[in-house]
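Everything below concerns the one structure shown next.
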Amino acid sequence: MKHAVPLPVQLVDGYQSWKKDGFERQSARYSDLAENGQNPSAMVISCCDSRVQATEIFGTQSGEFFLHRNVANLVPPYAPNSDFHGTSAAVEYAVKALKVKHMIVLGHSQCGGVQACYDMCTHGVAAEQSDFEFIGHWLEMLRPAYERVGASEETSRVVEMGQQGVLGSLENLMSFPFVADAVASGALNLHGLWHDIGSGNLFAYNSGTDIFEAQ
């Protein structure tokens, strides 16, 4: 592949530093993971945003989270064989093969995907009119979240839309028969979280109060 080029020096230096320090300190753990495979307790579906790192937020080590990231931390509805579904495939593997006990959808503040869909909805822009070939269609899944927003001030509306997007993804997860079965049997728990980047605060959805509560 002639277009591939060597890594930047700073990334190579970062790797070498981790290899000598982080890896060496946990070499026994990495050996165990390599020999015995992974057994994560949770799957985290989060945004691609570089500011949101689930392992940092929860202080977890390698092997503890099965991670999947996409634009705006969305889960599509159950629709086998309809298209390429990286997210659906990851969910299926987590539940059927890894048998995770927790499925976490992690949204966040200042999400570019949420803001883009909010703008599309506010200005009546269809996916086909978006400047992006893929993102506009992907964000169509967020339109129902816009319709559920009740706040009046724009900043609050965008925040609420992001949180409603988390709930929409949880609803879509329940459309997967194997997820619904695992939840019904008590083998799997679903969690909706929203993280404020600037303050570091984390909020979890409480179905009893129907609000995201500070942790």
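Numbering starts fresh at 1 for the residues of each chain in the structure tokens, the chains themselves are lettered A, B, ... in the order given, and ligands are numbered from 1 as they appear.
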Q: Skip Gln61 of chain A itself and residues of its chain fewer than 6 positions away, then list as a list in words all residues within 10 Å of it, counting only C-alpha atoms.
A: Gln26, Arg29 and Thr55 of chain A
Q: Write down as number ranges by chain the residues of segment 16-119 of chain A whose backbone DSSP state falls under helix (DSSP H, G or I).
A: A: 16-25, 27-36, 54-58, 86-97, 112-119
**Q.** One-decimal distance in Å that lies between atom CA of Glu133 of chain A and atom CA of Glu147 of chain A
**A.** 23.9 Å
Q | Length of the atom CA of Met103 of chain A to atom CA of Gly86 of chain A vector [Å] | A |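 Going from atom CA of Met103 of chain A over to atom CA of Gly86 of chain A, I get 16.2 Å.
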Q | Given only C-alpha atoms as the counted atoms, nearest of A:Glu92, A:Glu128, A:Asp49, A:Glu140 to Gly165 of chain A | A |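 That would be A:Glu140, the residue with the smallest distance to Gly165 of chain A.
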Q: Write out as a PyMOL selection string which residues come within 8 Å of Tyr78 of chain A when counting only C-alpha atoms, dropping same-chain ones fewer than 4 positions away.
A: chain A and resi 88+172-173+175-176
(Q) DSSP on the backbone, strand (DSSP E or B) only: what residues of chain A does that give? Format it as a ChimeraX atom specification. (A) /A:42-47,65-70,102-108,189-195,202-206,211-214
Keeping only N, CA and C atoms, write the selected residues as a JSON list (two decimals), in the first residue's frame.
```json
[["chain", "number", "residue", "atom", "x", "y", "z"],
["A", 42, "ALA", "N", -18.47, -5.15, 30.91],
["A", 42, "ALA", "CA", -19.38, -4.17, 30.32],
["A", 42, "ALA", "C", -18.98, -3.83, 28.90],
["A", 43, "MET", "N", -19.98, -3.45, 28.11],
["A", 43, "MET", "CA", -19.74, -2.84, 26.81],
["A", 43, "MET", "C", -20.10, -1.37, 26.94],
["A", 44, "VAL", "N", -19.24, -0.51, 26.40],
["A", 44, "VAL", "CA", -19.51, 0.92, 26.40],
["A", 44, "VAL", "C", -19.63, 1.39, 24.95],
["A", 45, "ILE", "N", -20.77, 1.97, 24.64],
["A", 45, "ILE", "CA", -20.99, 2.58, 23.32],
["A", 45, "ILE", "C", -20.89, 4.08, 23.50],
["A", 46, "SER", "N", -19.82, 4.66, 23.00],
["A", 46, "SER", "CA", -19.58, 6.08, 23.19],
["A", 46, "SER", "C", -19.29, 6.76, 21.86],
["A", 47, "CYS", "N", -19.12, 8.07, 21.92],
["A", 47, "CYS", "CA", -18.89, 8.86, 20.72],
["A", 47, "CYS", "C", -17.42, 8.76, 20.30],
["A", 65, "PHE", "N", -13.41, -3.26, 29.68],
["A", 65, "PHE", "CA", -14.49, -2.73, 28.85],
["A", 65, "PHE", "C", -14.36, -3.24, 27.42],
["A", 66, "PHE", "N", -15.49, -3.62, 26.84],
["A", 66, "PHE", "CA", -15.58, -3.87, 25.41],
["A", 66, "PHE", "C", -16.09, -2.57, 24.82],
["A", 67, "LEU", "N", -15.25, -1.88, 24.05],
["A", 67, "LEU", "CA", -15.54, -0.53, 23.61],
["A", 67, "LEU", "C", -15.98, -0.46, 22.16],
["A", 68, "HIS", "N", -17.01, 0.35, 21.91],
["A", 68, "HIS", "CA", -17.40, 0.65, 20.54],
["A", 68, "HIS", "C", -17.71, 2.13, 20.46],
["A", 69, "ARG", "N", -17.15, 2.79, 19.43],
["A", 69, "ARG", "CA", -17.35, 4.21, 19.28],
["A", 69, "ARG", "C", -17.90, 4.53, 17.89],
["A", 70, "ASN", "N", -18.82, 5.48, 17.83],
["A", 70, "ASN", "CA", -19.31, 5.98, 16.56],
["A", 70, "ASN", "C", -19.75, 7.43, 16.74],
["A", 102, "HIS", "N", -23.24, -5.62, 31.57],
["A", 102, "HIS", "CA", -23.71, -4.24, 31.51],
["A", 102, "HIS", "C", -23.50, -3.68, 30.11],
["A", 103, "MET", "N", -24.49, -2.96, 29.62],
["A", 103, "MET", "CA", -24.40, -2.27, 28.33],
["A", 103, "MET", "C", -24.62, -0.79, 28.61],
["A", 104, "ILE", "N", -23.58, 0.01, 28.36],
["A", 104, "ILE", "CA", -23.61, 1.43, 28.70],
["A", 104, "ILE", "C", -23.60, 2.27, 27.43],
["A", 105, "VAL", "N", -24.56, 3.18, 27.30],
["A", 105, "VAL", "CA", -24.54, 4.18, 26.23],
["A", 105, "VAL", "C", -24.10, 5.49, 26.88],
["A", 106, "LEU", "N", -22.97, 6.01, 26.43],
["A", 106, "LEU", "CA", -22.36, 7.18, 27.04],
["A", 106, "LEU", "C", -22.39, 8.38, 26.10],
["A", 107, "GLY", "N", -23.28, 9.34, 26.39],
["A", 107, "GLY", "CA", -23.33, 10.57, 25.63],
["A", 107, "GLY", "C", -22.48, 11.64, 26.30],
["A", 108, "HIS", "N", -22.36, 12.81, 25.67],
["A", 108, "HIS", "CA", -21.50, 13.85, 26.25],
["A", 108, "HIS", "C", -21.88, 15.23, 25.76],
["A", 189, "ASN", "N", -27.84, -5.66, 32.06],
["A", 189, "ASN", "CA", -28.40, -4.40, 32.52],
["A", 189, "ASN", "C", -28.03, -3.29, 31.54],
["A", 190, "LEU", "N", -28.99, -2.43, 31.23],
["A", 190, "LEU", "CA", -28.74, -1.30, 30.34],
["A", 190, "LEU", "C", -28.59, -0.02, 31.16],
["A", 191, "HIS", "N", -27.66, 0.83, 30.74],
["A", 191, "HIS", "CA", -27.39, 2.08, 31.45],
["A", 191, "HIS", "C", -27.25, 3.23, 30.47],
["A", 192, "GLY", "N", -27.89, 4.35, 30.77],
["A", 192, "GLY", "CA", -27.76, 5.55, 29.96],
["A", 192, "GLY", "C", -27.02, 6.62, 30.73],
["A", 193, "LEU", "N", -25.89, 7.07, 30.21],
["A", 193, "LEU", "CA", -25.06, 8.06, 30.89],
["A", 193, "LEU", "C", -24.81, 9.27, 30.00],
["A", 194, "TRP", "N", -24.57, 10.41, 30.64],
["A", 194, "TRP", "CA", -24.22, 11.63, 29.91],
["A", 194, "TRP", "C", -23.11, 12.33, 30.68],
["A", 195, "HIS", "N", -22.04, 12.68, 29.98],
["A", 195, "HIS", "CA", -20.83, 13.23, 30.59],
["A", 195, "HIS", "C", -20.63, 14.68, 30.16],
["A", 202, "LEU", "N", -20.72, 13.46, 35.71],
["A", 202, "LEU", "CA", -21.34, 12.33, 35.03],
["A", 202, "LEU", "C", -22.77, 12.20, 35.53],
["A", 203, "PHE", "N", -23.70, 12.01, 34.60],
["A", 203, "PHE", "CA", -25.11, 11.88, 34.93],
["A", 203, "PHE", "C", -25.64, 10.55, 34.42],
["A", 204, "ALA", "N", -26.45, 9.88, 35.24],
["A", 204, "ALA", "CA", -27.02, 8.58, 34.87],
["A", 204, "ALA", "C", -28.54, 8.69, 34.82],
["A", 205, "TYR", "N", -29.12, 8.08, 33.82],
["A", 205, "TYR", "CA", -30.58, 8.12, 33.67],
["A", 205, "TYR", "C", -31.24, 7.25, 34.71],
["A", 206, "ASN", "N", -32.23, 7.82, 35.42],
["A", 206, "ASN", "CA", -33.03, 7.11, 36.39],
["A", 206, "ASN", "C", -34.42, 6.96, 35.81],
["A", 211, "ILE", "N", -35.17, 11.29, 34.73],
["A", 211, "ILE", "CA", -34.18, 12.35, 34.56],
["A", 211, "ILE", "C", -32.77, 11.76, 34.66],
["A", 212, "PHE", "N", -31.79, 12.52, 34.16],
["A", 212, "PHE", "CA", -30.39, 12.15, 34.31],
["A", 212, "PHE", "C", -29.89, 12.76, 35.61],
["A", 213, "GLU", "N", -29.46, 11.92, 36.54],
["A", 213, "GLU", "CA", -29.06, 12.37, 37.86],
["A", 213, "GLU", "C", -27.55, 12.34, 38.03],
["A", 214, "ALA", "N", -27.02, 13.36, 38.73],
["A", 214, "ALA", "CA", -25.58, 13.46, 38.99],
["A", 214, "ALA", "C", -25.11, 12.28, 39.81]]
```
Q. For Leu170 of chain A, which residue out of A:Gln215, A:Thr60, A:Ser109, A:Ser207 is the nearest one, using only C-alpha atoms?
A. A:Ser207
Residues of segment 25-97 of chain A at most 12 Å from segment 177-181 of chain A: nearest atom pair and distance in Å, only C-alpha atoms, as CSV:
```
residue,atom,partner,partner_atom,distance
A:Pro77,CA,A:Pro177,CA,11.0
A:Tyr78,CA,A:Pro177,CA,8.2
A:Ala79,CA,A:Pro177,CA,10.9
A:Pro80,CA,A:Pro177,CA,11.3
A:Ser88,CA,A:Val179,CA,11.0
A:Val91,CA,A:Val179,CA,8.5
A:Glu92,CA,A:Phe178,CA,7.8
A:Tyr93,CA,A:Phe178,CA,10.7
A:Ala94,CA,A:Val179,CA,9.9
A:Val95,CA,A:Val179,CA,6.9
A:Lys96,CA,A:Phe178,CA,7.6
A:Ala97,CA,A:Phe178,CA,11.3
```
Q: For atom CA of Ser27 of chain A and atom CA of Ser50 of chain A, determine how far apart the two atoms are, in Å to one decimal place.
A: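 Computing it gives 26.9 Å between the two atoms.
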Q: Write out as number ranges by chain the residues lying within 10 Å of Gln110 of chain A, counting only C-alpha atoms and excluding same-chain residues fewer than 3 positions away.
A: A: 49, 51, 107, 113-115, 155, 158-159, 162, 195-198
Tell me, as a PDB file with C-alpha atoms, in the first residue's frame, which residues lie within 9 Å of Trp138 of chain A, counting only C-alpha atoms; anything in the same chain fewer than 5 positions away does not count.
```pdb
ATOM      1  CA  VAL A  71     -20.507   9.494  15.748  1.00  0.00           C
ATOM      2  CA  LEU A  74     -25.895   5.920  18.338  1.00  0.00           C
ATOM      3  CA  PRO A  76     -29.447   1.690  15.082  1.00  0.00           C
ATOM      4  CA  ALA A 127     -29.819  14.209   4.940  1.00  0.00           C
TER       5      ALA A 127
END
```
Q | Within 12 Å of Glu154 of chain A using only C-alpha atoms, minus same-chain residues under 5 positions, as a list of chain:residue names | A |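 Within the cut-off, the hits are A:Gln115, A:Tyr118, A:Asp119, A:Thr122, A:Tyr146, A:Val149, A:Val159, A:Glu160, A:Met161.
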Residues just named, written with N, CA and C atoms as a short mmCIF file (atom, residue, chain, number, x, y, z; two decimals), in the first residue's frame:
```cif
data_model
loop_
_atom_site.label_atom_id
_atom_site.label_comp_id
_atom_site.auth_asym_id
_atom_site.auth_seq_id
_atom_site.Cartn_x
_atom_site.Cartn_y
_atom_site.Cartn_z
N GLN A 115 -25.06 18.40 17.68
CA GLN A 115 -25.24 19.77 17.20
C GLN A 115 -25.60 19.79 15.71
N TYR A 118 -29.14 18.72 15.32
CA TYR A 118 -30.00 19.79 15.83
C TYR A 118 -30.15 20.87 14.77
N ASP A 119 -29.04 21.25 14.14
CA ASP A 119 -29.08 22.28 13.09
C ASP A 119 -29.88 21.81 11.88
N THR A 122 -33.54 21.97 12.95
CA THR A 122 -33.99 23.35 13.15
C THR A 122 -34.22 24.06 11.83
N TYR A 146 -34.84 15.01 18.69
CA TYR A 146 -35.16 16.44 18.54
C TYR A 146 -36.64 16.69 18.83
N VAL A 149 -37.52 17.02 22.62
CA VAL A 149 -36.92 18.08 23.42
C VAL A 149 -37.99 19.06 23.89
N VAL A 159 -28.40 20.14 24.84
CA VAL A 159 -28.06 19.20 25.90
C VAL A 159 -29.14 18.13 26.03
N GLU A 160 -30.38 18.58 26.08
CA GLU A 160 -31.50 17.63 26.22
C GLU A 160 -31.58 16.71 25.02
N MET A 161 -31.30 17.23 23.84
CA MET A 161 -31.33 16.39 22.65
C MET A 161 -30.28 15.28 22.74
#
```
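The closest residue to Ser62 of chain A, picked from A:Gly22, A:Gly112, A:Pro6, A:Gly208 and counting only C-alpha atoms, is A:Gly22.
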